[in-house]
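*Asks:* Dropping in start-v3.txt, with compact mmCIF, C-alpha atoms.
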# COMPACT_ATOMS: atom_id res chain seq x y z
CA MET A 5 -184.83 -40.46 6.16
CA PHE A 6 -188.47 -39.91 5.18
CA HIS A 7 -187.72 -38.07 1.97
CA ALA A 8 -186.70 -41.39 0.41
CA LEU A 9 -190.39 -42.31 0.52
CA ARG A 10 -191.04 -39.67 -2.08
CA VAL A 11 -189.79 -41.93 -4.83
CA SER A 12 -192.81 -44.14 -5.16
CA ASP A 13 -195.73 -44.81 -7.40
CA ASN A 14 -197.47 -42.01 -5.56
CA GLU A 15 -195.23 -39.61 -7.42
CA ALA A 16 -197.93 -39.05 -10.02
CA ARG A 17 -200.17 -37.64 -7.27
CA ASP A 18 -197.62 -35.17 -5.99
CA GLY A 19 -199.06 -31.92 -4.80
CA ALA A 20 -201.37 -31.46 -1.91
CA SER A 21 -204.08 -34.01 -1.33
CA ALA A 22 -207.30 -33.40 0.59
CA ALA A 23 -206.97 -32.19 4.16
CA ARG A 24 -208.00 -34.86 6.68
CA VAL A 25 -209.78 -33.90 9.89
CA GLY A 26 -210.72 -36.30 12.69
CA ILE A 27 -213.81 -36.03 14.88
CA GLY A 28 -213.72 -38.12 18.05
CA GLY A 29 -215.43 -38.20 21.43
CA PRO A 30 -217.60 -40.24 23.77
CA VAL A 31 -220.72 -42.09 22.68
CA GLY A 32 -223.70 -39.75 22.23
CA SER A 33 -221.74 -36.49 22.51
CA GLY A 34 -222.79 -35.39 19.02
CA LYS A 35 -220.11 -36.44 16.53
CA THR A 36 -222.56 -37.41 13.79
CA ALA A 37 -224.74 -34.41 14.66
CA LEU A 38 -221.66 -32.20 14.23
CA ILE A 39 -221.05 -33.61 10.76
CA GLU A 40 -224.72 -33.12 9.85
CA ALA A 41 -224.43 -29.50 10.98
CA LEU A 42 -221.12 -28.95 9.16
CA ILE A 43 -222.36 -30.29 5.81
CA PRO A 44 -224.57 -27.33 4.75
CA VAL A 45 -222.01 -24.79 5.92
CA LEU A 46 -219.19 -26.53 4.02
CA GLN A 47 -221.44 -26.70 0.93
CA ARG A 48 -222.32 -23.02 1.19
CA ARG A 49 -218.62 -22.18 1.37
CA ASN A 50 -217.93 -24.29 -1.75
CA ILE A 51 -215.61 -26.65 0.09
CA ASP A 52 -215.37 -29.98 -1.76
CA PHE A 53 -215.57 -32.63 0.97
CA ALA A 54 -216.37 -36.24 1.84
CA VAL A 55 -216.91 -38.20 5.06
CA VAL A 56 -215.59 -41.48 6.49
CA THR A 57 -217.57 -42.88 9.41
CA ASN A 58 -216.42 -45.52 11.91
CA ASP A 59 -218.84 -47.80 13.72
CA LEU A 60 -218.30 -50.86 15.86
CA VAL A 61 -219.96 -53.58 13.84
CA THR A 62 -222.49 -51.75 11.67
CA LYS A 63 -222.59 -48.92 9.18
CA GLU A 64 -225.24 -47.07 11.18
CA ASP A 65 -223.62 -43.62 11.15
CA ALA A 66 -222.80 -43.85 7.43
CA GLU A 67 -226.39 -44.85 6.67
CA ARG A 68 -227.71 -41.99 8.79
CA LEU A 69 -225.66 -39.51 6.77
CA ARG A 70 -226.46 -41.15 3.42
CA ARG A 71 -230.18 -41.06 4.17
CA SER A 72 -230.03 -37.48 5.44
CA GLY A 73 -230.38 -36.05 1.95
CA LEU A 74 -227.70 -33.53 2.91
CA ILE A 75 -224.87 -35.13 0.97
CA ASP A 76 -224.31 -37.30 -2.11
CA PRO A 77 -224.35 -40.82 -0.58
CA ALA A 78 -221.29 -41.75 -2.65
CA ARG A 79 -219.31 -39.23 -0.63
CA VAL A 80 -219.82 -41.19 2.60
CA SER A 81 -217.61 -44.22 3.30
CA ALA A 82 -217.99 -46.59 6.24
CA VAL A 83 -215.27 -48.37 8.20
CA GLU A 84 -216.24 -51.07 10.67
CA ALA A 85 -213.95 -50.72 13.64
CA GLY A 86 -214.68 -53.98 15.42
CA ALA A 87 -214.55 -53.88 19.19
CA CYS A 88 -212.02 -51.08 19.60
CA PRO A 89 -212.91 -47.75 18.01
CA HIS A 90 -209.62 -46.15 19.08
CA THR A 91 -207.52 -48.87 17.44
CA VAL A 92 -208.55 -47.89 13.89
CA ILE A 93 -207.88 -44.18 14.44
CA ARG A 94 -204.73 -44.49 16.55
CA GLU A 95 -202.78 -47.76 16.66
CA ASP A 96 -203.51 -48.99 13.16
CA PRO A 97 -205.44 -46.51 11.01
CA THR A 98 -204.82 -48.49 7.80
CA LEU A 99 -208.51 -49.05 7.03
CA ASN A 100 -209.32 -45.39 7.45
CA ILE A 101 -206.31 -44.27 5.40
CA ALA A 102 -207.43 -46.63 2.62
CA ALA A 103 -210.99 -45.28 2.80
CA GLY A 104 -209.64 -41.72 2.48
CA ASP A 105 -207.39 -42.66 -0.45
CA GLU A 106 -210.30 -44.33 -2.18
CA LEU A 107 -212.49 -41.22 -1.80
CA GLU A 108 -209.71 -39.03 -3.15
CA ALA A 109 -209.34 -41.32 -6.16
CA ARG A 110 -213.08 -41.13 -6.87
CA PHE A 111 -213.41 -37.38 -6.29
CA PRO A 112 -210.25 -35.77 -7.69
CA GLY A 113 -211.08 -32.22 -6.57
CA LEU A 114 -211.62 -33.21 -2.95
CA GLU A 115 -210.32 -30.61 -0.47
CA LEU A 116 -211.42 -32.08 2.85
CA ILE A 117 -212.22 -35.49 4.34
CA LEU A 118 -213.89 -35.71 7.75
CA PHE A 119 -213.18 -38.91 9.72
CA GLU A 120 -215.78 -39.63 12.37
CA SER A 121 -214.52 -42.02 15.03
CA GLY A 122 -216.76 -44.55 16.69
CA GLY A 123 -217.91 -43.39 20.11
CA ASP A 124 -215.17 -44.07 22.64
CA ASN A 125 -214.00 -42.80 25.99
CA LEU A 126 -212.04 -39.73 27.07
CA ALA A 127 -208.74 -41.40 26.21
CA SER A 128 -209.28 -41.70 22.46
CA THR A 129 -206.89 -39.75 20.25
CA PHE A 130 -206.15 -39.69 16.50
CA SER A 131 -202.89 -40.70 14.84
CA LEU A 132 -201.38 -37.87 12.83
CA ASP A 133 -200.64 -40.49 10.18
CA LEU A 134 -204.38 -40.50 9.55
CA VAL A 135 -205.46 -36.89 10.09
CA ASP A 136 -203.82 -33.47 9.92
CA TRP A 137 -205.91 -32.00 12.70
CA TRP A 138 -208.66 -33.32 14.96
CA ILE A 139 -211.68 -32.32 16.96
CA PHE A 140 -212.89 -33.88 20.21
CA VAL A 141 -216.60 -33.53 21.02
CA ILE A 142 -217.91 -33.70 24.58
CA ASP A 143 -221.32 -32.63 25.78
CA VAL A 144 -222.69 -30.72 28.71
CA ALA A 145 -225.01 -33.56 29.73
CA GLY A 146 -221.98 -35.81 30.21
CA GLY A 147 -221.15 -33.78 33.32
CA ASP A 148 -219.25 -30.56 34.02
CA ASP A 149 -216.40 -32.50 35.61
CA ILE A 150 -215.24 -33.92 32.26
CA PRO A 151 -212.65 -31.18 31.57
CA ARG A 152 -211.16 -31.63 35.05
CA LYS A 153 -210.66 -35.33 34.33
CA ARG A 154 -208.00 -34.36 31.80
CA GLY A 155 -208.55 -37.22 29.38
CA PRO A 156 -205.94 -37.39 26.60
CA GLY A 157 -208.60 -36.77 23.95
CA LEU A 158 -209.65 -33.54 25.60
CA LEU A 159 -206.10 -32.38 26.32
CA ARG A 160 -204.50 -33.15 22.97
CA CYS A 161 -207.16 -32.42 20.38
CA ASP A 162 -206.64 -29.37 18.18
CA LEU A 163 -210.19 -28.18 18.84
CA LEU A 164 -212.49 -29.08 21.73
CA VAL A 165 -216.22 -28.81 21.00
CA VAL A 166 -218.52 -28.64 24.04
CA ASN A 167 -221.93 -29.59 22.66
CA LYS A 168 -225.53 -29.40 23.95
CA VAL A 169 -224.94 -26.11 25.79
CA ASP A 170 -228.72 -25.61 25.80
CA LEU A 171 -229.06 -28.54 28.22
CA ALA A 172 -226.90 -26.99 30.95
CA PRO A 173 -229.77 -25.66 33.10
CA HIS A 174 -231.65 -28.97 32.79
CA VAL A 175 -228.80 -31.16 33.98
CA GLY A 176 -227.49 -28.89 36.73
CA VAL A 177 -224.31 -27.90 34.92
CA ASP A 178 -222.54 -24.58 35.43
CA LEU A 179 -221.64 -24.00 31.77
CA ASP A 180 -219.34 -21.02 32.40
CA ARG A 181 -217.34 -23.03 34.87
CA MET A 182 -217.18 -26.07 32.57
CA LEU A 183 -215.86 -23.91 29.72
CA ALA A 184 -213.39 -22.16 32.03
CA ASP A 185 -212.10 -25.53 33.26
CA ALA A 186 -211.75 -26.75 29.67
CA ARG A 187 -209.80 -23.64 28.66
CA GLN A 188 -207.61 -23.90 31.74
CA VAL A 189 -206.51 -27.50 31.08
CA ARG A 190 -206.02 -26.84 27.34
CA GLY A 191 -203.76 -23.80 27.63
CA THR A 192 -203.86 -21.86 24.35
CA LYS A 193 -205.74 -24.49 22.33
CA PRO A 194 -209.29 -23.53 21.30
CA VAL A 195 -212.64 -24.52 22.83
CA ILE A 196 -215.94 -23.89 21.00
CA PRO A 197 -219.35 -24.28 22.72
CA THR A 198 -222.09 -25.54 20.40
CA ASN A 199 -225.76 -26.39 20.29
CA LEU A 200 -225.84 -28.49 17.14
CA LYS A 201 -229.61 -28.78 17.13
CA SER A 202 -229.99 -25.04 16.65
CA GLY A 203 -226.70 -24.37 14.86
CA VAL A 204 -224.96 -22.41 17.62
CA GLY A 205 -221.19 -22.49 17.12
CA VAL A 206 -221.20 -24.37 13.80
CA GLU A 207 -219.83 -21.46 11.76
CA ALA A 208 -217.02 -21.09 14.28
CA VAL A 209 -216.11 -24.77 13.90
CA VAL A 210 -215.97 -24.41 10.10
CA ASP A 211 -213.88 -21.24 10.51
CA ALA A 212 -211.43 -23.19 12.69
CA ILE A 213 -211.17 -26.08 10.19
CA SER A 214 -210.76 -23.64 7.30
CA ALA A 215 -208.02 -21.68 8.97
CA ALA A 216 -206.09 -24.68 10.30
CA VAL A 217 -205.99 -27.02 7.30
CA LEU A 218 -207.49 -25.24 4.29
CA PHE A 219 -205.59 -22.03 5.05
CA ARG A 220 -208.64 -19.91 4.31
CA VAL A 221 -209.12 -17.14 6.80
CA MET B 30 -198.56 -16.68 3.25
CA LEU B 31 -196.27 -19.04 1.39
CA ARG B 32 -197.73 -22.40 0.41
CA ILE B 33 -195.40 -25.40 0.65
CA GLU B 34 -196.63 -28.51 -1.17
CA ARG B 35 -193.59 -30.76 -1.01
CA VAL B 36 -190.32 -31.37 0.72
CA LEU B 37 -187.45 -30.74 -1.71
CA GLY B 38 -185.11 -33.06 0.14
CA SER B 39 -182.74 -33.12 3.09
CA ARG B 40 -180.26 -30.37 3.76
CA VAL B 41 -177.47 -32.96 3.80
CA GLU B 42 -178.15 -34.18 0.25
CA PRO B 43 -175.23 -33.09 -1.94
CA ALA B 44 -177.61 -31.66 -4.53
CA LEU B 45 -178.99 -29.23 -1.94
CA SER B 46 -176.21 -28.77 0.57
CA GLU B 47 -173.96 -26.75 -1.72
CA ALA B 48 -176.61 -24.16 -2.52
CA LEU B 49 -177.68 -24.03 1.14
CA HIS B 50 -174.11 -23.54 2.24
CA ARG B 51 -173.75 -20.56 -0.08
CA LEU B 52 -177.04 -19.04 1.11
CA GLU B 53 -176.06 -19.57 4.73
CA HIS B 54 -173.02 -17.39 4.17
CA GLU B 55 -175.34 -14.70 2.88
CA GLY B 56 -177.61 -15.10 5.89
CA ALA B 57 -180.42 -16.11 3.53
CA VAL B 58 -181.45 -19.43 5.08
CA ASP B 59 -184.63 -19.06 7.12
CA VAL B 60 -185.62 -21.70 9.70
CA ALA B 61 -189.04 -23.16 10.52
CA ASN B 62 -188.95 -24.48 14.08
CA VAL B 63 -191.40 -27.38 14.22
CA PRO B 64 -192.38 -28.80 17.63
CA ALA B 65 -191.69 -32.54 17.91
CA THR B 66 -195.40 -33.32 18.22
CA ASP B 67 -196.20 -31.46 14.98
CA LEU B 68 -193.64 -33.27 12.81
CA ALA B 69 -196.15 -35.97 11.88
CA ARG B 70 -198.64 -33.46 10.46
CA ARG B 71 -199.05 -33.15 6.69
CA ARG B 72 -200.80 -29.83 7.10
CA LEU B 73 -199.49 -27.13 9.33
CA LEU B 74 -199.51 -23.36 9.64
CA ILE B 75 -196.23 -22.13 11.01
CA THR B 76 -194.24 -18.90 11.09
CA THR B 77 -190.52 -19.08 10.36
CA ARG B 78 -187.93 -17.43 12.50
CA GLY B 79 -187.69 -14.75 9.81
CA GLY B 80 -191.42 -14.04 10.10
CA GLU B 81 -192.63 -15.79 6.94
CA GLU B 82 -195.97 -17.54 7.40
CA LEU B 83 -195.95 -21.01 5.85
CA ALA B 84 -199.03 -23.00 4.90
CA ILE B 85 -197.58 -26.50 4.65
CA ALA B 86 -199.74 -29.05 2.78
CA LEU B 87 -197.71 -32.13 1.93
CA PRO B 88 -198.81 -35.16 -0.07
CA ARG B 89 -199.77 -37.99 2.27
CA HIS B 90 -196.61 -39.99 1.51
CA GLU B 91 -194.33 -37.17 2.65
CA LYS B 92 -193.40 -36.07 6.14
CA LEU B 93 -191.50 -33.22 7.71
CA PHE B 94 -188.19 -34.03 9.36
CA ASP B 95 -185.24 -32.23 10.88
CA GLY B 96 -183.34 -30.68 7.97
CA ALA B 97 -186.20 -30.89 5.45
CA VAL B 98 -185.70 -28.22 2.78
CA LEU B 99 -189.03 -26.51 2.07
CA LEU B 100 -187.89 -23.75 -0.25
CA LEU B 101 -184.74 -23.22 -2.31
CA GLU B 102 -184.52 -20.14 -4.51
CA PRO B 103 -181.46 -18.35 -5.89
CA ASP B 104 -181.59 -15.81 -3.07
CA ARG B 105 -183.21 -17.63 -0.14
CA ALA B 106 -184.06 -20.98 1.41
CA ILE B 107 -186.27 -22.32 4.21
CA VAL B 108 -185.25 -25.37 6.23
CA VAL B 109 -187.08 -27.26 9.01
CA ARG B 110 -185.53 -27.50 12.42
CA ALA B 111 -187.26 -30.05 14.60
CA ALA B 112 -187.58 -28.81 18.14
CA THR B 113 -186.07 -31.44 20.41
CA GLU B 114 -188.36 -33.67 22.37
CA ARG B 115 -188.32 -33.71 26.15
CA TRP B 116 -188.52 -36.90 28.18
CA LEU B 117 -189.60 -37.76 31.69
CA ARG B 118 -187.01 -40.00 33.33
CA LEU B 119 -188.72 -42.34 35.80
CA GLU B 120 -186.57 -44.33 38.16
CA PRO B 121 -188.35 -47.00 40.22
CA ARG B 122 -186.72 -47.82 43.56
CA SER B 123 -187.48 -51.56 43.50
CA ILE B 124 -188.67 -54.28 41.16
CA ALA B 125 -192.13 -54.06 42.75
CA ASP B 126 -192.22 -50.33 42.05
CA ALA B 127 -191.06 -50.97 38.49
CA VAL B 128 -193.83 -53.51 37.90
CA GLU B 129 -196.45 -51.08 39.13
CA LEU B 130 -194.95 -48.19 37.17
CA GLY B 131 -194.90 -50.28 33.98
CA TYR B 132 -198.53 -51.23 34.50
CA HIS B 133 -199.64 -47.60 34.83
CA VAL B 134 -197.52 -46.25 31.97
CA GLY B 135 -198.80 -48.97 29.63
CA ASN B 136 -202.35 -48.36 30.71
CA LEU B 137 -201.96 -44.65 29.95
CA HIS B 138 -200.65 -45.43 26.42
CA TRP B 139 -197.63 -43.21 26.95
CA ARG B 140 -194.80 -43.41 24.44
CA VAL B 141 -191.72 -44.85 26.11
CA ARG B 142 -188.06 -45.70 25.68
CA PHE B 143 -186.16 -48.12 27.87
CA GLY B 144 -182.98 -47.03 29.62
CA GLY B 145 -181.91 -50.08 31.60
CA GLU B 146 -183.31 -49.52 35.08
CA VAL B 147 -185.11 -46.31 34.16
CA LEU B 148 -188.12 -45.69 31.94
CA LEU B 149 -188.26 -42.67 29.63
CA VAL B 150 -191.65 -41.19 28.74
CA ALA B 151 -192.06 -38.74 25.83
CA LEU B 152 -193.50 -35.44 27.03
CA GLU B 153 -196.23 -34.41 24.61
CA GLY B 154 -197.82 -32.01 27.06
CA ARG B 155 -197.13 -30.37 30.39
CA PRO B 156 -194.93 -32.47 32.72
CA GLU B 157 -197.39 -31.94 35.59
CA ASP B 158 -200.14 -33.65 33.58
CA TYR B 159 -197.92 -36.73 33.53
CA THR B 160 -196.60 -36.69 37.08
CA ALA B 161 -200.13 -36.17 38.43
CA ARG B 162 -201.06 -39.60 37.01
CA LEU B 163 -198.23 -41.17 39.03
CA GLU B 164 -198.79 -39.06 42.13
CA ASN B 165 -199.04 -42.04 44.51
CA LEU B 166 -195.78 -43.58 43.32
CA ILE B 167 -193.95 -40.27 43.26
CA SER B 168 -195.12 -38.87 46.60
CA ALA B 169 -194.24 -42.16 48.33
CA ARG B 170 -190.76 -41.83 46.80
CA ARG B 171 -191.17 -45.15 45.05
CA VAL B 172 -190.39 -43.52 41.69
CA GLY B 173 -187.89 -40.71 41.14
CA VAL B 174 -188.61 -38.12 38.42
CA THR B 175 -186.39 -35.89 36.31
CA ILE B 176 -186.88 -34.17 32.94
CA LEU B 177 -184.38 -34.77 30.16
CA ASP B 178 -183.76 -33.19 26.78
CA GLU B 179 -183.39 -35.33 23.65
CA ASP B 180 -179.59 -35.70 23.76
CA THR B 181 -179.54 -36.79 27.39
CA ALA B 182 -182.36 -39.27 26.69
CA ASP B 183 -180.34 -40.72 23.81
CA ALA B 184 -177.41 -41.22 26.18
CA VAL B 185 -179.62 -42.88 28.81
CA GLU B 186 -181.11 -45.31 26.29
CA ALA B 187 -177.62 -46.14 24.99
CA VAL B 188 -176.49 -47.28 28.45
CA GLU B 189 -178.43 -50.49 28.12
CA PRO B 190 -180.01 -51.17 24.73
CA PRO B 191 -183.27 -53.14 24.88
CA ARG B 192 -182.83 -56.88 24.56
CA PRO B 193 -183.72 -58.64 21.31
CA GLY B 194 -187.28 -59.89 21.39
CA GLY B 195 -188.34 -57.31 23.94
CA ALA B 196 -190.51 -54.33 23.18
CA ARG B 197 -188.40 -51.75 21.39
CA GLY B 198 -188.66 -48.27 22.80
CA GLY B 199 -188.16 -44.80 21.46
CA HIS B 200 -188.53 -43.86 17.83
CA HIS B 201 -189.42 -47.40 16.83
CA HIS B 202 -192.16 -47.92 19.35
CA HIS B 203 -195.20 -46.85 17.40
CA HIS B 204 -197.85 -46.45 19.99
CA ASP B 205 -198.57 -42.87 19.12
CA HIS B 206 -201.51 -40.84 20.21
Rewrite the structure from the file as structure tokens, please.

*Replies:*
Amino acid sequence: MFHALRVSDNEARDGASAARVGIGGPVGSGKTALIEALIPVLQRRNIDFAVVTNDLVTKEDAERLRRSGLIDPARVSAVEAGACPHTVIREDPTLNIAAGDELEARFPGLELILFESGGDNLASTFSLDLVDWWIFVIDVAGGDDIPRKRGPGLLRCDLLVVNKVDLAPHVGVDLDRMLADARQVRGTKPVIPTNLKSGVGVEAVVDAISAAVLFRV
Amino acid sequence: MLRIERVLGSRVEPALSEALHRLEHEGAVDVANVPATDLARRRLLITTRGGEELAIALPRHEKLFDGAVLLLEPDRAIVVRAATERWLRLEPRSIADAVELGYHVGNLHWRVRFGGEVLLVALEGRPEDYTARLENLISARRVGVTILDEDTADAVEAVEPPRPGGARGGHHHHHDH
């Protein structure tokens, strides 16, 4: 039944559009830090990209990226999610879809759009109407029991990033066990440990994005 | 790697079905088995039954579906087969059990269909990850559990269609995750 949708005014834009990748996770786990770390690597690999950030009632994350000097500020769009960050990435992603469409219209050669969710809880997941593939970011300081709690975000994401691995000894976390638990509950789906402050694991995250949605290996 | 940037149409469309029928006789129709949970993706790497690696990158207004024709050449074709979805059939023993079950299932944002006195939950992961969330109800035998394939689930839902005005289950209940 869906093929009927092909006949529309979108026909002129037939052919692949930019890949869309979601980045979700709890407050403070490092979603914006991940994007800041990804930007120079994506630039070095000549991947044409833009970013959509989601905040509750401000444009704080978008402003942080725009001011970073890492990226053309015009390539960062902000969506205000209101009280429920998961609603605008899962139940009704219309605002985010529109923000992505608008970026694609302004930057015709765009290959990749990163959608950063507002900080939420372990249950937040992305609608596949919005993104093609999505990353969930947790951090070591949040506690090594997080993987065992089997939140839907952690179970269903295409890539799990475990950030702040450098903090493990300071917060009494057995990192090896935390990673083993994460891999056990996720079956064959990938887990990448990162320290975004020092760049550990960032290349591996870009490799995973490239392979999954840009088909560059 | 073969890049697919659009769906040509459905295998049942007359314009395509004749050519497909001919190729089928020659054994030249390859099948891409797509898991139910991946159907909504516009971008997907998948290997066909014949061993061809496909890099699917559809425009945002297109979607994969069962029978979607991805490639049609004079000597070969590739068609999508949607892997059937599995469902957890939950049967509460009393109205009180049903109320509690409904509360939990709603709270967990699971995708459901209604089947009269049973509730069907779409399995998008391992069944044990679902039943563990209902452990108290299941171990106390307040809710019975079985696993159904798509066809059986269709039959269960058809027994008692949801009432008008009520929440519509199944394919029309868009509370995806």

*Asks:* Between atom CA of Ser72 of chain A and atom CA of Asn125 of chain A, what is the spacing in Å?

*Replies:*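 Atom-to-atom, atom CA of Asn125 of chain A and atom CA of Ser72 of chain A are spaced 26.6 Å apart.
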
*Asks:* Report as an MDAnalysis selection string all protein, DNA and RNA residues lying within 6 Å of segment 57-70 of chain B, evaluated on all atoms listed in the file, omitting residues in the same chain fewer than 4 positions from it.

*Replies:* (chainID A and resid 132 136) or (chainID B and resid 52:53 77:79 93 105:112 114)

*Asks:* Applying 9 Å and all atoms listed in the file, which residues near Gly154 of chain B remain after dropping the ones on its own chain fewer than 5 positions away? List them as a PyMOL selection string.

*Replies:* (chain A and resi 159-160) or (chain B and resi 159)

*Asks:* Convert the current residue selection to file output with C-alpha atoms, as a short mmCIF file (atom, residue, chain, number, x, y, z; two decimals), in the frame of the given file.

*Replies:*
data_model
loop_
_atom_site.label_atom_id
_atom_site.label_comp_id
_atom_site.auth_asym_id
_atom_site.auth_seq_id
_atom_site.Cartn_x
_atom_site.Cartn_y
_atom_site.Cartn_z
CA LEU A 159 -206.10 -32.38 26.32
CA ARG A 160 -204.50 -33.15 22.97
CA TYR B 159 -197.92 -36.73 33.53
#

*Asks:* Which residue gives the smallest distance to chain B among A:Glu207, A:Asp59, A:Asp105, A:Glu120, with all atoms listed in the file counted?

*Replies:*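 Among A:Glu207, A:Asp59, A:Asp105, A:Glu120, it is A:Asp105 that comes nearest to chain B.
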
*Asks:* Counting all atoms listed in the file, which residues of chain B come no farther than 10 Å from chain A, as a ChimeraX atom specification?

*Replies:* /B:30,32-39,66-74,83-95,97,137-138,153-155,158,203-206

*Asks:* Quick one: write out the picked residues with C-alpha atoms as a compact mmCIF listing (two decimals), in the frame of the given file?

*Replies:*
# COMPACT_ATOMS: atom_id res chain seq x y z
CA MET B 30 -198.56 -16.68 3.25
CA ARG B 32 -197.73 -22.40 0.41
CA ILE B 33 -195.40 -25.40 0.65
CA GLU B 34 -196.63 -28.51 -1.17
CA ARG B 35 -193.59 -30.76 -1.01
CA VAL B 36 -190.32 -31.37 0.72
CA LEU B 37 -187.45 -30.74 -1.71
CA GLY B 38 -185.11 -33.06 0.14
CA SER B 39 -182.74 -33.12 3.09
CA THR B 66 -195.40 -33.32 18.22
CA ASP B 67 -196.20 -31.46 14.98
CA LEU B 68 -193.64 -33.27 12.81
CA ALA B 69 -196.15 -35.97 11.88
CA ARG B 70 -198.64 -33.46 10.46
CA ARG B 71 -199.05 -33.15 6.69
CA ARG B 72 -200.80 -29.83 7.10
CA LEU B 73 -199.49 -27.13 9.33
CA LEU B 74 -199.51 -23.36 9.64
CA LEU B 83 -195.95 -21.01 5.85
CA ALA B 84 -199.03 -23.00 4.90
CA ILE B 85 -197.58 -26.50 4.65
CA ALA B 86 -199.74 -29.05 2.78
CA LEU B 87 -197.71 -32.13 1.93
CA PRO B 88 -198.81 -35.16 -0.07
CA ARG B 89 -199.77 -37.99 2.27
CA HIS B 90 -196.61 -39.99 1.51
CA GLU B 91 -194.33 -37.17 2.65
CA LYS B 92 -193.40 -36.07 6.14
CA LEU B 93 -191.50 -33.22 7.71
CA PHE B 94 -188.19 -34.03 9.36
CA ASP B 95 -185.24 -32.23 10.88
CA ALA B 97 -186.20 -30.89 5.45
CA LEU B 137 -201.96 -44.65 29.95
CA HIS B 138 -200.65 -45.43 26.42
CA GLU B 153 -196.23 -34.41 24.61
CA GLY B 154 -197.82 -32.01 27.06
CA ARG B 155 -197.13 -30.37 30.39
CA ASP B 158 -200.14 -33.65 33.58
CA HIS B 203 -195.20 -46.85 17.40
CA HIS B 204 -197.85 -46.45 19.99
CA ASP B 205 -198.57 -42.87 19.12
CA HIS B 206 -201.51 -40.84 20.21

*Asks:* Counting only C-alpha atoms, figure out which residue out of B:Glu81, B:Gly131, B:Pro103, B:Arg40 gets nearest to Glu55 of chain B.

*Replies:*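 For Glu55 of chain B, the nearest of the candidates is B:Pro103.
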